[in-house]
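Participant: This is the structure, below, for whatever I ask next.
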Amino acid sequence: MNQEYGQDDRFETDADEAVATRRDAGDAESSRASRGWWDRNADEYQNDHGAFLGDDRFVWGPEGLDEAEAGLLGPTEGLKGLDVLEIGAGAAQCSRWLAAQGAKPVALDLSHRQLQHALRIGGEVPLVEADAGALPFRDGSFGLACSAYGAVPFVADPVRVFREVRRVLRPGGRWVFSVTHPIRWAFPDEPGPEGLSVAASYFDRTPYVEQDERGRAVYVEHHRTLGDRVRDVVAGGFRLVDLVEPEWPEWNGQEWGGWSPLRGNLIPGTAIFVCERED
């Protein structure tokens with residue numbers, strides 16, 4: 001990307017008033033909806049959450065678990081000189097942190113507008129606009145891949161993404177990604193007491209879809225159970241090394257969508273999968 005940061009006319013039109021439903025949504029529809037949603041909402045997202053995320057921090061989710069403390073990517077000294085791919089990078093905050101540790105990150109995102117925010121913040125991290133299911137890199141290009149809530153929750157076929165990640169990783173490469181914790185799908189997405197009662201079947205994998213008045217999806221999120229996620233990791237050619245469920249820290253008093261101190265002290269909101277490429 002080499003465009004200057006600035007408002008693009010194609011991001012100014014709002015989607016028609018969306019109606020939430022549960023229905024099937026395939027790869028193409030999910031990808032199209034995600035690109036449109038993030039292009040329309042990137043400004044609001046960065047305005048609302050940019051201060052929490054920082055310009056050059058690696059935060060795994062709304063709980064605020066910081067990679068500098070968690071060490072899920074491996075020892076910090078091991079990042080020096082390492083080629084790293086960040087998938088669903090948004091404004092590339094995590095990639096800037098990686099670069100500060102001496103790594104050589106590439107920040108990839110589906111959303112043009114999110115990457116414009118990466119340009120606004122600045123830095124020397126290469127930016128790539130592409131779909132996670134069709135990574136535009138040669139086999140074995142990276143020693144590490146990571147994603148903090150990027151791509152995986154929004155794709156219909158996560159195994160396809162995982163196999164692409166495996167392809168671009170070198171033997172023994174690590175793949176670490178965070179997603180909404182699967183148990184959260186059984187509860188209303190509310191930060192208060194109303195979000196503490198089970199309202200849906202944990203086993204219902206029907207995608208959550210927001211669609212316009214013509215039935216076109218404008219936002220899609222896919223639910224997988226914890227077991228599904230583990231099986232997807234294995235089917236993608238990885239070995240699961242660790243599964244981290246961050247607890248809500250005392251210092252974090254913010255609400256972020258359905259995440260809050262009230263809920264975070266009772267049920268997990270994020271799941272982080274630490275995987276290594278099976279050779």
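Identifiers in the structure tokens: chain A, B, ... in order shown; residue index from 1 per chain; ligand index from 1 in order shown.
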As a PyMOL selection string, please: every residue in stretch 46-269 of chain A that a backbone DSSP assignment puts in strand (DSSP E).

Facilitator: chain A and resi 83-87+104-109+127-129+142-148+169-180+208-211+217-221+238-244

Participant: Using only C-alpha atoms, which residues sit within 7 Å of stretch 65-73 of chain A once same-chain residues fewer than 6 positions away are excluded, as a PyMOL selection string?

Facilitator: chain A and resi 58-59+176+246+274

Participant: I need the residue nearest A:Ala103 from this list: A:Gly215, A:Gly78, A:Gly54, A:Gly90. Use only C-alpha atoms for the distance.

Facilitator: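 Closest candidate: A:Gly78.
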
Participant: What is the atom CA of A:Glu276 to atom CA of A:Thr180 distance in Å?

Facilitator: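 About the pair atom CA of A:Glu276 and atom CA of A:Thr180: they are 20.6 Å apart.
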
Participant: List every residue of stretch 72-125 of chain A that DSSP, applied to the backbone, labels as helix (DSSP H, G or I), and write the result as a ChimeraX atom specification.

Facilitator: /A:76-79,93-100,112-121

Participant: Since we have the selection now, will you write its residues out, keeping N, CA and C atoms, as a PDB file, in the first residue's frame?

Facilitator:
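Resulting contents of again37.pdb:
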ATOM      1  N   THR A  76      11.121 -13.246  23.933  1.00  0.00           N
ATOM      2  CA  THR A  76      11.260 -11.988  23.193  1.00  0.00           C
ATOM      3  C   THR A  76      12.560 -11.938  22.407  1.00  0.00           C
ATOM      4  N   GLU A  77      13.639 -12.464  22.987  1.00  0.00           N
ATOM      5  CA  GLU A  77      14.923 -12.421  22.289  1.00  0.00           C
ATOM      6  C   GLU A  77      14.894 -13.264  21.007  1.00  0.00           C
ATOM      7  N   GLY A  78      13.983 -14.240  20.970  1.00  0.00           N
ATOM      8  CA  GLY A  78      13.867 -15.085  19.785  1.00  0.00           C
ATOM      9  C   GLY A  78      13.168 -14.405  18.620  1.00  0.00           C
ATOM     10  N   LEU A  79      12.567 -13.241  18.870  1.00  0.00           N
ATOM     11  CA  LEU A  79      11.881 -12.515  17.807  1.00  0.00           C
ATOM     12  C   LEU A  79      12.835 -11.709  16.930  1.00  0.00           C
ATOM     13  N   GLN A  93      -0.972  -2.299  15.067  1.00  0.00           N
ATOM     14  CA  GLN A  93      -0.394  -2.027  16.382  1.00  0.00           C
ATOM     15  C   GLN A  93       0.527  -3.161  16.840  1.00  0.00           C
ATOM     16  N   CYS A  94       0.068  -4.404  16.669  1.00  0.00           N
ATOM     17  CA  CYS A  94       0.873  -5.545  17.112  1.00  0.00           C
ATOM     18  C   CYS A  94       2.155  -5.656  16.296  1.00  0.00           C
ATOM     19  N   SER A  95       2.061  -5.381  14.995  1.00  0.00           N
ATOM     20  CA  SER A  95       3.251  -5.461  14.147  1.00  0.00           C
ATOM     21  C   SER A  95       4.297  -4.426  14.557  1.00  0.00           C
ATOM     22  N   ARG A  96       3.845  -3.248  14.984  1.00  0.00           N
ATOM     23  CA  ARG A  96       4.817  -2.233  15.439  1.00  0.00           C
ATOM     24  C   ARG A  96       5.545  -2.715  16.688  1.00  0.00           C
ATOM     25  N   TRP A  97       4.829  -3.374  17.581  1.00  0.00           N
ATOM     26  CA  TRP A  97       5.472  -3.924  18.771  1.00  0.00           C
ATOM     27  C   TRP A  97       6.500  -4.983  18.369  1.00  0.00           C
ATOM     28  N   LEU A  98       6.123  -5.836  17.417  1.00  0.00           N
ATOM     29  CA  LEU A  98       7.056  -6.859  16.946  1.00  0.00           C
ATOM     30  C   LEU A  98       8.305  -6.234  16.343  1.00  0.00           C
ATOM     31  N   ALA A  99       8.107  -5.171  15.552  1.00  0.00           N
ATOM     32  CA  ALA A  99       9.252  -4.489  14.946  1.00  0.00           C
ATOM     33  C   ALA A  99      10.169  -3.907  16.012  1.00  0.00           C
ATOM     34  N   ALA A 100       9.583  -3.410  17.103  1.00  0.00           N
ATOM     35  CA  ALA A 100      10.380  -2.835  18.187  1.00  0.00           C
ATOM     36  C   ALA A 100      11.218  -3.896  18.905  1.00  0.00           C
ATOM     37  N   HIS A 112      -9.202  -2.118   3.513  1.00  0.00           N
ATOM     38  CA  HIS A 112      -8.414  -0.986   3.026  1.00  0.00           C
ATOM     39  C   HIS A 112      -8.382   0.138   4.056  1.00  0.00           C
ATOM     40  N   ARG A 113      -9.528   0.397   4.678  1.00  0.00           N
ATOM     41  CA  ARG A 113      -9.611   1.510   5.619  1.00  0.00           C
ATOM     42  C   ARG A 113      -8.797   1.247   6.884  1.00  0.00           C
ATOM     43  N   GLN A 114      -8.802   0.020   7.365  1.00  0.00           N
ATOM     44  CA  GLN A 114      -7.963  -0.290   8.520  1.00  0.00           C
ATOM     45  C   GLN A 114      -6.491  -0.035   8.204  1.00  0.00           C
ATOM     46  N   LEU A 115      -6.062  -0.411   7.014  1.00  0.00           N
ATOM     47  CA  LEU A 115      -4.671  -0.194   6.648  1.00  0.00           C
ATOM     48  C   LEU A 115      -4.365   1.274   6.439  1.00  0.00           C
ATOM     49  N   GLN A 116      -5.361   2.071   6.072  1.00  0.00           N
ATOM     50  CA  GLN A 116      -5.146   3.508   6.024  1.00  0.00           C
ATOM     51  C   GLN A 116      -4.863   4.057   7.420  1.00  0.00           C
ATOM     52  N   HIS A 117      -5.496   3.481   8.436  1.00  0.00           N
ATOM     53  CA  HIS A 117      -5.181   3.885   9.804  1.00  0.00           C
ATOM     54  C   HIS A 117      -3.761   3.473  10.176  1.00  0.00           C
ATOM     55  N   ALA A 118      -3.302   2.346   9.661  1.00  0.00           N
ATOM     56  CA  ALA A 118      -1.909   1.962   9.881  1.00  0.00           C
ATOM     57  C   ALA A 118      -0.961   2.995   9.279  1.00  0.00           C
ATOM     58  N   LEU A 119      -1.305   3.495   8.096  1.00  0.00           N
ATOM     59  CA  LEU A 119      -0.495   4.552   7.483  1.00  0.00           C
ATOM     60  C   LEU A 119      -0.548   5.834   8.306  1.00  0.00           C
ATOM     61  N   ARG A 120      -1.716   6.145   8.847  1.00  0.00           N
ATOM     62  CA  ARG A 120      -1.859   7.358   9.662  1.00  0.00           C
ATOM     63  C   ARG A 120      -0.941   7.304  10.881  1.00  0.00           C
ATOM     64  N   ILE A 121      -0.911   6.160  11.549  1.00  0.00           N
ATOM     65  CA  ILE A 121      -0.076   6.032  12.746  1.00  0.00           C
ATOM     66  C   ILE A 121       1.402   6.053  12.361  1.00  0.00           C
TER      67      ILE A 121
END

Participant: Please provide the set of residues having any atom within 12 Å of A:Pro105, restricted to only C-alpha atoms, with same-chain residues fewer than 5 positions apart removed, written as JSON, numbers by chain.

Facilitator: {"A": [79, 80, 81, 82, 83, 84, 85, 86, 87, 89, 92, 93, 94, 95, 96, 97, 98, 99, 100, 123, 124, 125, 126, 127, 128, 141, 142, 143, 144, 145, 146]}

Participant: Let me see the file: selected residues, C-alpha atoms, as a PDB file, in the first residue's frame.

Facilitator:
ATOM      1  CA  LEU A  79      11.881 -12.515  17.807  1.00  0.00           C
ATOM      2  CA  LYS A  80      14.949 -10.611  16.686  1.00  0.00           C
ATOM      3  CA  GLY A  81      15.397 -10.984  12.941  1.00  0.00           C
ATOM      4  CA  LEU A  82      12.363 -13.272  12.638  1.00  0.00           C
ATOM      5  CA  ASP A  83      10.008 -12.917   9.665  1.00  0.00           C
ATOM      6  CA  VAL A  84       6.499 -12.564  11.130  1.00  0.00           C
ATOM      7  CA  LEU A  85       3.087 -12.414   9.459  1.00  0.00           C
ATOM      8  CA  GLU A  86       0.285 -10.654  11.348  1.00  0.00           C
ATOM      9  CA  ILE A  87      -3.127 -11.637   9.952  1.00  0.00           C
ATOM     10  CA  ALA A  89      -3.646  -6.624  11.568  1.00  0.00           C
ATOM     11  CA  ALA A  92      -0.816  -2.772  12.675  1.00  0.00           C
ATOM     12  CA  GLN A  93      -0.394  -2.027  16.382  1.00  0.00           C
ATOM     13  CA  CYS A  94       0.873  -5.545  17.112  1.00  0.00           C
ATOM     14  CA  SER A  95       3.251  -5.461  14.147  1.00  0.00           C
ATOM     15  CA  ARG A  96       4.817  -2.233  15.439  1.00  0.00           C
ATOM     16  CA  TRP A  97       5.472  -3.924  18.771  1.00  0.00           C
ATOM     17  CA  LEU A  98       7.056  -6.859  16.946  1.00  0.00           C
ATOM     18  CA  ALA A  99       9.252  -4.489  14.946  1.00  0.00           C
ATOM     19  CA  ALA A 100      10.380  -2.835  18.187  1.00  0.00           C
ATOM     20  CA  GLY A 123       6.098   3.235  11.000  1.00  0.00           C
ATOM     21  CA  GLU A 124       8.115   1.075   8.633  1.00  0.00           C
ATOM     22  CA  VAL A 125       5.968  -2.089   8.748  1.00  0.00           C
ATOM     23  CA  PRO A 126       5.028  -3.378   5.262  1.00  0.00           C
ATOM     24  CA  LEU A 127       1.234  -3.419   4.761  1.00  0.00           C
ATOM     25  CA  VAL A 128      -0.613  -5.918   2.570  1.00  0.00           C
ATOM     26  CA  SER A 141       8.180 -17.169   3.909  1.00  0.00           C
ATOM     27  CA  PHE A 142       7.742 -16.718   7.678  1.00  0.00           C
ATOM     28  CA  GLY A 143       8.987 -18.155  10.934  1.00  0.00           C
ATOM     29  CA  LEU A 144       5.952 -17.011  12.931  1.00  0.00           C
ATOM     30  CA  ALA A 145       2.317 -16.047  12.267  1.00  0.00           C
ATOM     31  CA  CYS A 146      -0.088 -14.371  14.681  1.00  0.00           C
TER      32      CYS A 146
END

Participant: Between A:Gly150, A:Trp60, A:Val161, A:Arg170, single out the one closest to A:Arg138, counting only C-alpha atoms.

Facilitator: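 Distance minimum relative to A:Arg138 lands on A:Arg170.
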
Participant: Can you pull out the residues contacting A:Ala235? Cut-off 12 Å, using only C-alpha atoms, and skip same-chain residues under 6 positions away; I want them as a ChimeraX atom specification.

Facilitator: /A:157-164,166,228-229,277-278

Participant: Quick one, how far is atom CA of A:Ser34 from atom CA of A:Val234?

Facilitator: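 That distance, rounded to one decimal, is 25.5 Å.
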
Participant: Hey, which of A:Gly258, A:Gly172, A:Gly88, A:Pro153 ends up closest to A:Tyr219? Count only C-alpha atoms.

Facilitator: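 Smallest separation from A:Tyr219 among the options: A:Pro153.
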
Participant: Quick one: residues within 7 Å of stretch 190-204 of chain A, only C-alpha atoms counted, chain neighbours fewer than 2 positions away excluded, as JSON, numbers by chain?

Facilitator: {"A": [183, 185, 186, 187, 188, 206, 225, 255, 257, 258, 259, 260, 262, 263]}

Participant: What is the distance between atom CA of A:Gln254 and atom CA of A:Gly269, in Å to one decimal?

Facilitator: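 We find that atom CA of A:Gln254 and atom CA of A:Gly269 lie 13.6 Å from each other.
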
Participant: Using only C-alpha atoms, find the one residue out of A:Asn265, A:Thr270, A:Gln101, A:Gln211 that sits nearest to A:Arg57.

Facilitator: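 Among the listed residues, A:Gln101 lies closest to A:Arg57.
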
Participant: List as a PDB file with N, CA and C atoms, in the first residue's frame the protein and nucleic acid residues near A:Val155, meaning an atom at most 12 Å away when only C-alpha atoms are counted, but skip any in the same chain fewer than 6 places from it.

Facilitator:
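Contents of selection27.pdb, freshly written:
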ATOM      1  N   ASP A  24     -27.017 -19.564   7.326  1.00  0.00           N
ATOM      2  CA  ASP A  24     -25.773 -19.971   6.686  1.00  0.00           C
ATOM      3  C   ASP A  24     -25.157 -18.790   5.938  1.00  0.00           C
ATOM      4  N   ALA A  25     -23.843 -18.760   5.895  1.00  0.00           N
ATOM      5  CA  ALA A  25     -23.101 -17.760   5.130  1.00  0.00           C
ATOM      6  C   ALA A  25     -21.780 -18.382   4.725  1.00  0.00           C
ATOM      7  N   GLY A  26     -21.556 -18.475   3.420  1.00  0.00           N
ATOM      8  CA  GLY A  26     -20.363 -19.128   2.915  1.00  0.00           C
ATOM      9  C   GLY A  26     -19.148 -18.232   2.877  1.00  0.00           C
ATOM     10  N   ASP A  27     -18.068 -18.769   2.313  1.00  0.00           N
ATOM     11  CA  ASP A  27     -16.788 -18.057   2.272  1.00  0.00           C
ATOM     12  C   ASP A  27     -16.900 -16.701   1.582  1.00  0.00           C
ATOM     13  N   ALA A  28     -17.449 -16.703   0.366  1.00  0.00           N
ATOM     14  CA  ALA A  28     -17.474 -15.469  -0.422  1.00  0.00           C
ATOM     15  C   ALA A  28     -18.327 -14.404   0.247  1.00  0.00           C
ATOM     16  N   GLU A  29     -19.509 -14.800   0.744  1.00  0.00           N
ATOM     17  CA  GLU A  29     -20.390 -13.830   1.392  1.00  0.00           C
ATOM     18  C   GLU A  29     -19.774 -13.307   2.679  1.00  0.00           C
ATOM     19  N   SER A  30     -19.148 -14.172   3.436  1.00  0.00           N
ATOM     20  CA  SER A  30     -18.526 -13.759   4.693  1.00  0.00           C
ATOM     21  C   SER A  30     -17.377 -12.788   4.440  1.00  0.00           C
ATOM     22  N   SER A  31     -16.554 -13.094   3.449  1.00  0.00           N
ATOM     23  CA  SER A  31     -15.421 -12.227   3.124  1.00  0.00           C
ATOM     24  C   SER A  31     -15.892 -10.857   2.643  1.00  0.00           C
ATOM     25  N   ARG A  32     -16.893 -10.845   1.777  1.00  0.00           N
ATOM     26  CA  ARG A  32     -17.420  -9.578   1.259  1.00  0.00           C
ATOM     27  C   ARG A  32     -18.017  -8.736   2.380  1.00  0.00           C
ATOM     28  N   ALA A  33     -18.754  -9.383   3.288  1.00  0.00           N
ATOM     29  CA  ALA A  33     -19.362  -8.666   4.410  1.00  0.00           C
ATOM     30  C   ALA A  33     -18.295  -8.103   5.340  1.00  0.00           C
ATOM     31  N   SER A  34     -17.259  -8.886   5.609  1.00  0.00           N
ATOM     32  CA  SER A  34     -16.201  -8.428   6.521  1.00  0.00           C
ATOM     33  C   SER A  34     -15.444  -7.239   5.948  1.00  0.00           C
ATOM     34  N   ARG A  35     -15.127  -7.310   4.663  1.00  0.00           N
ATOM     35  CA  ARG A  35     -14.409  -6.199   4.049  1.00  0.00           C
ATOM     36  C   ARG A  35     -15.250  -4.917   4.135  1.00  0.00           C
ATOM     37  N   GLY A  88      -5.024 -10.126   9.856  1.00  0.00           N
ATOM     38  CA  GLY A  88      -6.072  -9.291  10.442  1.00  0.00           C
ATOM     39  C   GLY A  88      -5.460  -8.233  11.323  1.00  0.00           C
ATOM     40  N   LEU A 110      -7.760  -7.467   5.464  1.00  0.00           N
ATOM     41  CA  LEU A 110      -8.732  -7.441   4.370  1.00  0.00           C
ATOM     42  C   LEU A 110      -9.241  -6.037   4.091  1.00  0.00           C
ATOM     43  N   ASP A 131      -6.895 -11.327   1.505  1.00  0.00           N
ATOM     44  CA  ASP A 131      -7.767 -12.238   2.233  1.00  0.00           C
ATOM     45  C   ASP A 131      -6.917 -13.304   2.920  1.00  0.00           C
ATOM     46  N   ALA A 132      -7.247 -13.628   4.160  1.00  0.00           N
ATOM     47  CA  ALA A 132      -6.481 -14.624   4.907  1.00  0.00           C
ATOM     48  C   ALA A 132      -6.575 -16.013   4.291  1.00  0.00           C
ATOM     49  N   GLY A 133      -7.619 -16.259   3.496  1.00  0.00           N
ATOM     50  CA  GLY A 133      -7.770 -17.561   2.864  1.00  0.00           C
ATOM     51  C   GLY A 133      -6.972 -17.729   1.597  1.00  0.00           C
ATOM     52  N   TYR A 149      -7.555 -11.534  17.261  1.00  0.00           N
ATOM     53  CA  TYR A 149      -8.951 -11.348  16.839  1.00  0.00           C
ATOM     54  C   TYR A 149      -9.064 -11.000  15.353  1.00  0.00           C
ATOM     55  N   VAL A 161      -7.954 -21.310   6.037  1.00  0.00           N
ATOM     56  CA  VAL A 161      -7.030 -20.281   6.511  1.00  0.00           C
ATOM     57  C   VAL A 161      -5.823 -20.911   7.186  1.00  0.00           C
ATOM     58  N   PHE A 162      -6.064 -21.901   8.052  1.00  0.00           N
ATOM     59  CA  PHE A 162      -4.966 -22.528   8.775  1.00  0.00           C
ATOM     60  C   PHE A 162      -3.987 -23.215   7.812  1.00  0.00           C
ATOM     61  N   VAL A 179      -9.487 -15.569  19.569  1.00  0.00           N
ATOM     62  CA  VAL A 179     -10.863 -15.452  19.094  1.00  0.00           C
ATOM     63  C   VAL A 179     -11.778 -15.275  20.302  1.00  0.00           C
ATOM     64  N   PRO A 207     -24.147 -19.439  11.699  1.00  0.00           N
ATOM     65  CA  PRO A 207     -23.470 -18.142  11.783  1.00  0.00           C
ATOM     66  C   PRO A 207     -24.402 -17.018  12.223  1.00  0.00           C
ATOM     67  N   TYR A 208     -23.812 -16.052  12.940  1.00  0.00           N
ATOM     68  CA  TYR A 208     -24.511 -14.811  13.275  1.00  0.00           C
ATOM     69  C   TYR A 208     -24.342 -13.865  12.097  1.00  0.00           C
ATOM     70  N   TYR A 219     -22.465  -8.077   7.967  1.00  0.00           N
ATOM     71  CA  TYR A 219     -21.563  -8.503   9.037  1.00  0.00           C
ATOM     72  C   TYR A 219     -21.826  -9.985   9.275  1.00  0.00           C
ATOM     73  N   VAL A 220     -20.764 -10.767   9.369  1.00  0.00           N
ATOM     74  CA  VAL A 220     -20.891 -12.208   9.619  1.00  0.00           C
ATOM     75  C   VAL A 220     -19.847 -12.632  10.637  1.00  0.00           C
ATOM     76  N   GLU A 221     -20.280 -13.426  11.607  1.00  0.00           N
ATOM     77  CA  GLU A 221     -19.336 -14.022  12.557  1.00  0.00           C
ATOM     78  C   GLU A 221     -19.714 -15.487  12.721  1.00  0.00           C
ATOM     79  N   HIS A 222     -18.686 -16.339  12.754  1.00  0.00           N
ATOM     80  CA  HIS A 222     -18.919 -17.781  12.761  1.00  0.00           C
ATOM     81  C   HIS A 222     -18.581 -18.381  14.123  1.00  0.00           C
ATOM     82  N   HIS A 223     -19.498 -19.183  14.637  1.00  0.00           N
ATOM     83  CA  HIS A 223     -19.298 -19.854  15.922  1.00  0.00           C
ATOM     84  C   HIS A 223     -18.759 -21.258  15.713  1.00  0.00           C
ATOM     85  N   ARG A 224     -17.725 -21.594  16.464  1.00  0.00           N
ATOM     86  CA  ARG A 224     -17.197 -22.952  16.534  1.00  0.00           C
ATOM     87  C   ARG A 224     -17.074 -23.305  18.009  1.00  0.00           C
TER      88      ARG A 224
END
